[in-house]
Each structure stands twice: as C-alpha cells, then as structure tokens.
Amino acid sequence: MTTLVVIEGIVIVLLLILVAGLLRSHADILRRLEALGAGEDTPIPHSSAASITSTPTRTEPASLSSISGPTPYGDAASVALTDSRGYVLLAFLSSGCSTCQTFWKSFRNGMDLPKANIRPVLVTQGPESESPSEIRSRAPMDITTIMSNDAWDAFRVPGTPYFQLVDVERGLVVGEGSAGTWPRLMDLIDRSTGDESFNPIRLGTKQRQEDSDEALRDAGIAPGDPSMYRRDA
Amino acid sequence: MIVSGAGITVDLPPGWEGSIRPPATLPDGAQRHSVTHLANFPLPPVRGEYGSGAVDIMTNGDALIVLLEFGPESAGTALFANSRPPFLRASDFSRDMLQQRVEGHGGTQRFFTEGGRAFCLYVVVGDYIDRVDVLESINAVLSRVTIE
C-alpha cells in the first residue's frame, strides 16, 4: 500500500512538472508572437508578422492610382500613387493592435525615414470600423492619415501593422510586408530601395538655387565670374 | 479618383491629389467655410488656407489649385458677381498675384459665385516662365470640379 502511494506521488509530481513545462513553453510562444506583432486582436499577416518582402517585379501599386477617403478630422483626402514623384510609404495601422502602438508612437515622435523623398501615409479602416477620435489621438497632424475600408480591400491588407512602399513616379510597389519594430520597418525600406538614387520631393526654389550655386562653385565659377557674362559669337 | 466633400466633387486625373476641408464652427465661434486644395505634387498635410506650407515645396511643373469658400452673405456681391471661369489663360497669371511671394512662382486669383456659394479660385504655378506647360492640366482639373 505504501509503495502504491509513493508511486502515485511520484507520478503526480512528474505530471505537475510536465504541466508546468507546457505552460511555460506556451507562455514563451505567446510572448514571441506578441513581440512579432500578432496581438490577440489582430491576425498574423500572411507573410508572417516578422517577414519583410521586397517585390520589385510588381508593375502596379495594387489596382489604385491613388488612395482616398476621409481623414480623422473630417476632411476628404486623396493621395496620388502614380504619375507624381517620390515614394509613398503606406502604413496600414489600427487603434487596437498592440504592435501598432510602437508605430503610432514613432510616427508621432517624428522618427526619420531613411530617405527624404519618402512620404508616410497612415491608412486605417474607415469610420464605420475605427473611431475617428481614437485615430486623432494617435495620428500626428503632420502626417496624412486616411480612413478607408476600400483601400484595405484594394491592397488586400492581411493584418496590422502592414506596410507598402510605392515608387510613385514609376507606379510600382517596391516593397511590402509587416514589421514588429521601427528598425525592422527601416530594413524593409532599405531592402526595397537598395542603392537607388533618390530625387528629393521637397526640392523648393531655394534648394534648387543652392544646388545650382554648389554646382557652379564645384566647377570653379564664383559670383561675378567673367564666363557668366561672356557672349559667344 | 474622386474626392468629394462639402458639396464639392472633383474627379482627379492620375498624378493629382487633393483635400476638401468641410465647414466648421471654430472654438471662438467663428465660422470656417470649405477649403479645397488640389495639386499635382505631394501635398504636405499641414497647410494654410491659401496653400502656405505647400507652395514652399513647389518646383517647375507643379500646380496648386485652391478653392476657398466665403460666407453666404458674400454670394452675388460685387466682388463675387462673376461666374466661375471656364478656363484660365497664361496671361491670367502674374508674379505679383501671390498670397505668399516665392521667387519663380506665378499665380492668379478669381472670385465667383456658383450654386449660391461664394468662392475664391487661387491657382499657383511653380514656374511662372513655364506656366503654359501645366495650364492644360490645370484647366482639365478645373473642368472636373462640380459645385452643388
């Protein structure tokens, strides 16, 4: 009898150790999933939450030449995705997704993008699915934010956060995927753009004049240089 | 792509973007009327009514169309007596007709009443000398503007 009780005790202890191990393993998996951006309220993007893909072979930015919808402030807005200049970084975010909070905060804090001609555009689901006041509290005023279910459908957004980098001049989606952290997003952009030469979209008249002055200086032509006034026959 | 709001609808051609800010009552009780901005370059999200913030980044080939609504009491008054111009000519533009003077830019301003609403049409081009290059595009967009 005593032997049976001892054996039963040992079995119970072993089962307890097994259950504890399983619970710990499960918690570890959940922690890792959370870190990769798959919160309870968001599905994992099809390409997996951590993956980053570059798709230079795509010829169109989905099926849209522009993305439009209301802003959280009630304006109607439309952003061109073709036939203009620079790049548009479409950031599909939601208010409830825990990983998205990192990106809301980063955009609010004015985190720099790797290139000056990349314009971030935040895209949430439409007012029928997201509260404009919730989005207003998260989105910075100096970044265009569009609330559109149609855009989510057109871009087949698999989950949040999800990003697409569009080369607006060429009308190409040059990169897309998900990222759990800001550095991973920067990786996506770096991989998508490679060593391509960028033409700044914010080149104003003053900057152009400065560029011209610099080019002239490099060529050894200073203000008042006679060559600037010489008339060739 | 159609952008629509505040009784104004614009069917934008590729490469153009825009925003229509609806009328609102400001915290001090003042009435703000609709403001429409249309551009063939990336519009910065923070802009003044007459496009300050946007005009600063305009370059050769860029165009900005501003449709600024005034209060209903202005409709039909002497300043707003004309109807909307069907198109703009190169001679309508001047370097001196700018709300914010920027070297190289040109602009034009027209006041009109349509649908019982008073508007100021203000158009800026990034390069006054080459304004003819974008005039066709500007007029094409203006012809796609519907005011209810």
# chains A, B, ... in the order shown; residues from 1 in each chain; ligands from 1
$ interface_residues --of "chain B" --to "chain A" --cutoff "9 Å" --atoms "only C-alpha atoms" --output "MDAnalysis selection string"
chainID B and resid 1:6 12 14:22 40:46 55:60 102:105 126
$ residues_around --residues "Arg131 of chain B" --least-positions-apart "5" --cutoff "10 Å" --atoms "only C-alpha atoms" --output "list in words"
Asn60, Gly61, Asp62, Ala63, Arg89, Ala90, Ser91, Phe93, His105, Gly106, Gly107, Val124, Val125, Gly126, Glu136 and Ile138 of chain B
$ residues_around --residues "Ala140 of chain B" --least-positions-apart "3" --cutoff "10 Å" --atoms "only C-alpha atoms" --output "PDB file with C-alpha atoms, in the first residue's frame"
ATOM      1  CA  ASP B  11     -12.625  63.775 -60.411  1.00  0.00           C
ATOM      2  CA  LEU B  12      -8.848  63.930 -60.152  1.00  0.00           C
ATOM      3  CA  PRO B  13      -6.690  62.680 -63.031  1.00  0.00           C
ATOM      4  CA  PHE B  87     -10.656  78.023 -68.124  1.00  0.00           C
ATOM      5  CA  VAL B 134       0.875  72.939 -66.817  1.00  0.00           C
ATOM      6  CA  LEU B 135      -2.020  75.115 -67.962  1.00  0.00           C
ATOM      7  CA  GLU B 136      -3.752  72.342 -69.888  1.00  0.00           C
ATOM      8  CA  SER B 137      -3.578  70.091 -66.849  1.00  0.00           C
ATOM      9  CA  SER B 143     -13.377  71.329 -65.665  1.00  0.00           C
ATOM     10  CA  ARG B 144     -13.776  68.292 -63.401  1.00  0.00           C
ATOM     11  CA  VAL B 145     -14.821  70.345 -60.383  1.00  0.00           C
TER      12      VAL B 145
END
$ atom_distance --atom1 "atom CA of Tyr50 of chain B" --atom2 "atom CA of Ala118 of chain B"
15.7 Å
$ atom_distance --atom1 "atom CA of Ser34 of chain B" --atom2 "atom CA of Leu68 of chain B"
6.4 Å
